[in-house]
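**Q** Shown below is the structure under consideration.
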Amino acid sequence: LASCVVPSSASSTPLRFPRLLASVIMAITRDSRHKRRNTGGRRNVHKKKRKYETGRQAAMTKLITTQGQQRRVSEVRTRGGNKKFRALRLDTGNYSWGTENCSKAARILDVVYNASNNELTRTKTLVKNCIVEVDATPFREWYQNHYGVRPGKKRSGDDEAAAKSRSVQQKQAKRCVGRTLEQALADQFSSGRLLACVSSRPGQCGRADGYILEGAELDFYKRIMNKKKGKK
């Protein structure tokens, strides 16, 4: 091992045993042998680390906030020749509106909450189950075309509806029977931002897709975020 130590001087002396040195360097591992038992006792490690247990550094996917930055996704070769797609910078994703059975591509505007770490919210890091704000325009346009009603507060010029055929009016009138839109979602449509949850894994599949928050889940996250704002 003495010949494997990197010399302190700046000379470019070649290493005699580079493979041995590589085995000495610590690596990220996904094994559980280093963990303690449920009772708190230490385990006896009966074997060394394995190649198939190695892990990689976290992607820490960032939200694109400055103009000019491009979406960046790198391809990673994995065990067996398979591929993973490591998203490094993203700003869009496909989001589904569950009660309306509608999915639209929407721009991600901000990261507002992360249950695991506040630092991920501050640095606008996209991970699974983080709460984001997405642009409401695609969903508003779909809702207006589907039901003939603009969600949220009316603005000047909204009453000037385009000319519609009789068949379209009949379809929209039939769809409006039993139509409901909860007040919390209507308020978000008025602000132009919808709260959504990222359900994909940006560091594994290279996408930041998710679903619009509704009902009890929306109330839960709004209550938590309002409580955090009240502490400041």
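All residue names refer to the structure tokens as shown: chains lettered A, B, ... in order, residues numbered from 1 in each chain, ligands numbered from 1 in order.
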May I have all residues of segment 28-221 of chain A that DSSP, computed from the backbone, assigns to helix (DSSP H, G or I), given as a PyMOL selection string?
**A** chain A and resi 51-53+79-81+98-100+118-122+137-147+166-175+183-191+202-205+215-221
**Q** Hey, what does DSSP flag as strand (DSSP E) within segment 15-205 of chain A? Can you give it to me as JSON, numbers by chain?
**A** {"A": [61, 62, 63, 72, 73, 74, 75, 76, 77, 83, 84, 85, 86, 87, 88, 89, 90, 92, 93, 94, 95, 96, 97, 102, 103, 104, 105, 106, 107, 108, 109, 110, 111, 112, 113, 125, 126, 131, 132, 133, 134, 135, 193, 194, 195, 196, 197, 198]}
**Q** A:Lys62, A:Lys228, A:Lys51, A:Arg179: which is nearest Arg207 of chain A, counting only C-alpha atoms?
**A**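 Using only C-alpha atoms, the shortest distance to Arg207 of chain A belongs to A:Lys62.
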**Q** Do you know which residues are at most 7 Å from segment 104-116 of chain A counting only C-alpha atoms, after dropping those on the same chain fewer than 4 positions away, and could you put them as a short mmCIF file (atom, residue, chain, number, x, y, z; two decimals) with all heavy atoms, in the first residue's frame?
**A**
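Okay, this is what ended up in part_1.cif:
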data_model
loop_
_atom_site.label_atom_id
_atom_site.label_comp_id
_atom_site.auth_asym_id
_atom_site.auth_seq_id
_atom_site.Cartn_x
_atom_site.Cartn_y
_atom_site.Cartn_z
N ASP A 91 -38.19 22.54 -16.93
CA ASP A 91 -39.14 23.63 -16.68
C ASP A 91 -40.57 23.29 -17.10
O ASP A 91 -41.47 24.11 -16.92
CB ASP A 91 -38.70 24.92 -17.39
CG ASP A 91 -38.66 24.75 -18.91
OD1 ASP A 91 -38.69 23.60 -19.38
OD2 ASP A 91 -38.60 25.78 -19.62
N THR A 92 -40.80 22.10 -17.65
CA THR A 92 -42.14 21.71 -18.07
C THR A 92 -42.41 20.26 -17.65
O THR A 92 -41.48 19.51 -17.31
CB THR A 92 -42.32 21.82 -19.60
OG1 THR A 92 -41.33 21.01 -20.24
CG2 THR A 92 -42.20 23.26 -20.06
N GLY A 93 -43.68 19.88 -17.72
CA GLY A 93 -44.08 18.51 -17.41
C GLY A 93 -45.53 18.30 -17.78
O GLY A 93 -46.28 19.26 -18.02
N ASN A 94 -45.95 17.04 -17.84
CA ASN A 94 -47.34 16.69 -18.10
C ASN A 94 -48.06 16.51 -16.77
O ASN A 94 -47.64 15.70 -15.95
CB ASN A 94 -47.44 15.41 -18.93
CG ASN A 94 -46.91 15.59 -20.34
OD1 ASN A 94 -46.92 16.70 -20.86
ND2 ASN A 94 -46.43 14.52 -20.94
N TYR A 95 -49.17 17.23 -16.60
CA TYR A 95 -49.92 17.19 -15.34
C TYR A 95 -51.37 16.82 -15.62
O TYR A 95 -51.98 17.33 -16.56
CB TYR A 95 -49.82 18.53 -14.60
CG TYR A 95 -48.44 18.74 -14.04
CD1 TYR A 95 -47.42 19.28 -14.81
CD2 TYR A 95 -48.14 18.34 -12.75
CE1 TYR A 95 -46.15 19.43 -14.31
CE2 TYR A 95 -46.87 18.49 -12.23
CZ TYR A 95 -45.88 19.03 -13.02
OH TYR A 95 -44.61 19.17 -12.51
N SER A 96 -51.88 15.91 -14.80
CA SER A 96 -53.24 15.41 -14.99
C SER A 96 -54.18 16.03 -13.97
O SER A 96 -53.82 16.23 -12.80
CB SER A 96 -53.25 13.88 -14.87
OG SER A 96 -52.89 13.47 -13.57
N LEU A 120 -34.36 21.90 -0.23
CA LEU A 120 -34.74 21.56 -1.59
C LEU A 120 -35.77 22.56 -2.14
O LEU A 120 -35.85 22.78 -3.35
CB LEU A 120 -35.31 20.14 -1.64
CG LEU A 120 -34.35 19.03 -1.21
CD1 LEU A 120 -35.04 17.68 -1.30
CD2 LEU A 120 -33.10 19.04 -2.07
N THR A 121 -36.56 23.15 -1.25
CA THR A 121 -37.48 24.20 -1.68
C THR A 121 -36.74 25.48 -2.00
O THR A 121 -37.01 26.14 -3.01
CB THR A 121 -38.53 24.45 -0.58
OG1 THR A 121 -39.18 23.23 -0.26
CG2 THR A 121 -39.57 25.46 -1.05
N LYS A 124 -34.97 25.23 -5.25
CA LYS A 124 -35.88 24.89 -6.35
C LYS A 124 -35.45 23.58 -7.02
O LYS A 124 -35.25 23.51 -8.23
CB LYS A 124 -35.95 26.03 -7.37
CG LYS A 124 -36.43 27.34 -6.77
CD LYS A 124 -36.67 28.38 -7.82
CE LYS A 124 -36.99 29.72 -7.18
NZ LYS A 124 -38.12 29.66 -6.26
N CYS A 130 -42.55 16.50 -4.48
CA CYS A 130 -42.45 17.92 -4.13
C CYS A 130 -43.67 18.65 -4.70
O CYS A 130 -44.27 18.23 -5.68
CB CYS A 130 -41.15 18.53 -4.65
SG CYS A 130 -41.09 18.75 -6.44
N ILE A 131 -44.05 19.74 -4.04
CA ILE A 131 -45.22 20.51 -4.43
C ILE A 131 -44.74 21.71 -5.26
O ILE A 131 -43.87 22.47 -4.82
CB ILE A 131 -46.02 20.99 -3.21
CG1 ILE A 131 -46.36 19.79 -2.32
CG2 ILE A 131 -47.29 21.69 -3.64
CD1 ILE A 131 -47.15 18.69 -3.00
N VAL A 132 -45.32 21.86 -6.46
CA VAL A 132 -44.91 22.91 -7.38
C VAL A 132 -46.13 23.73 -7.79
O VAL A 132 -47.28 23.31 -7.61
CB VAL A 132 -44.21 22.33 -8.62
CG1 VAL A 132 -42.93 21.60 -8.24
CG2 VAL A 132 -45.15 21.40 -9.38
N GLU A 133 -45.87 24.88 -8.36
CA GLU A 133 -46.90 25.70 -8.98
C GLU A 133 -46.74 25.61 -10.49
O GLU A 133 -45.63 25.81 -11.00
CB GLU A 133 -46.81 27.15 -8.52
CG GLU A 133 -47.31 27.39 -7.12
CD GLU A 133 -47.25 28.86 -6.73
OE1 GLU A 133 -46.49 29.61 -7.39
OE2 GLU A 133 -47.93 29.24 -5.77
N VAL A 134 -47.82 25.29 -11.19
CA VAL A 134 -47.78 25.17 -12.65
C VAL A 134 -48.71 26.22 -13.26
O VAL A 134 -49.62 26.73 -12.60
CB VAL A 134 -48.18 23.75 -13.12
CG1 VAL A 134 -47.23 22.72 -12.57
CG2 VAL A 134 -49.61 23.43 -12.72
N ASP A 135 -48.46 26.52 -14.52
CA ASP A 135 -49.27 27.50 -15.24
C ASP A 135 -50.68 26.96 -15.46
O ASP A 135 -50.86 25.84 -15.93
CB ASP A 135 -48.60 27.82 -16.57
CG ASP A 135 -49.28 28.96 -17.29
OD1 ASP A 135 -50.09 29.67 -16.66
OD2 ASP A 135 -49.01 29.15 -18.50
N PRO A 138 -53.22 26.23 -19.76
CA PRO A 138 -53.71 25.09 -20.56
C PRO A 138 -54.99 24.47 -20.00
O PRO A 138 -55.89 24.10 -20.77
CB PRO A 138 -52.55 24.10 -20.53
CG PRO A 138 -51.36 24.89 -20.12
CD PRO A 138 -51.86 25.99 -19.27
N PHE A 139 -55.08 24.38 -18.68
CA PHE A 139 -56.26 23.78 -18.07
C PHE A 139 -57.46 24.73 -18.15
O PHE A 139 -58.59 24.28 -18.32
CB PHE A 139 -55.97 23.43 -16.60
CG PHE A 139 -54.88 22.43 -16.45
CD1 PHE A 139 -53.58 22.83 -16.18
CD2 PHE A 139 -55.13 21.07 -16.59
CE1 PHE A 139 -52.57 21.90 -16.05
CE2 PHE A 139 -54.13 20.13 -16.45
CZ PHE A 139 -52.84 20.55 -16.19
#
**Q** Please provide as a list in words all residues within 12 Å of segment 26-39 of chain A, with the sequence filter that same-chain residues fewer than 5 positions apart are discarded (counting only C-alpha atoms).
**A**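 Within the cut-off, the hits are Leu21, Asn44, Val45, His46, Lys47, Lys48, Lys49, Arg50, Lys51, Tyr52, Glu53, Thr54, Gly55, Arg56, Gln57 and Ala58 of chain A.
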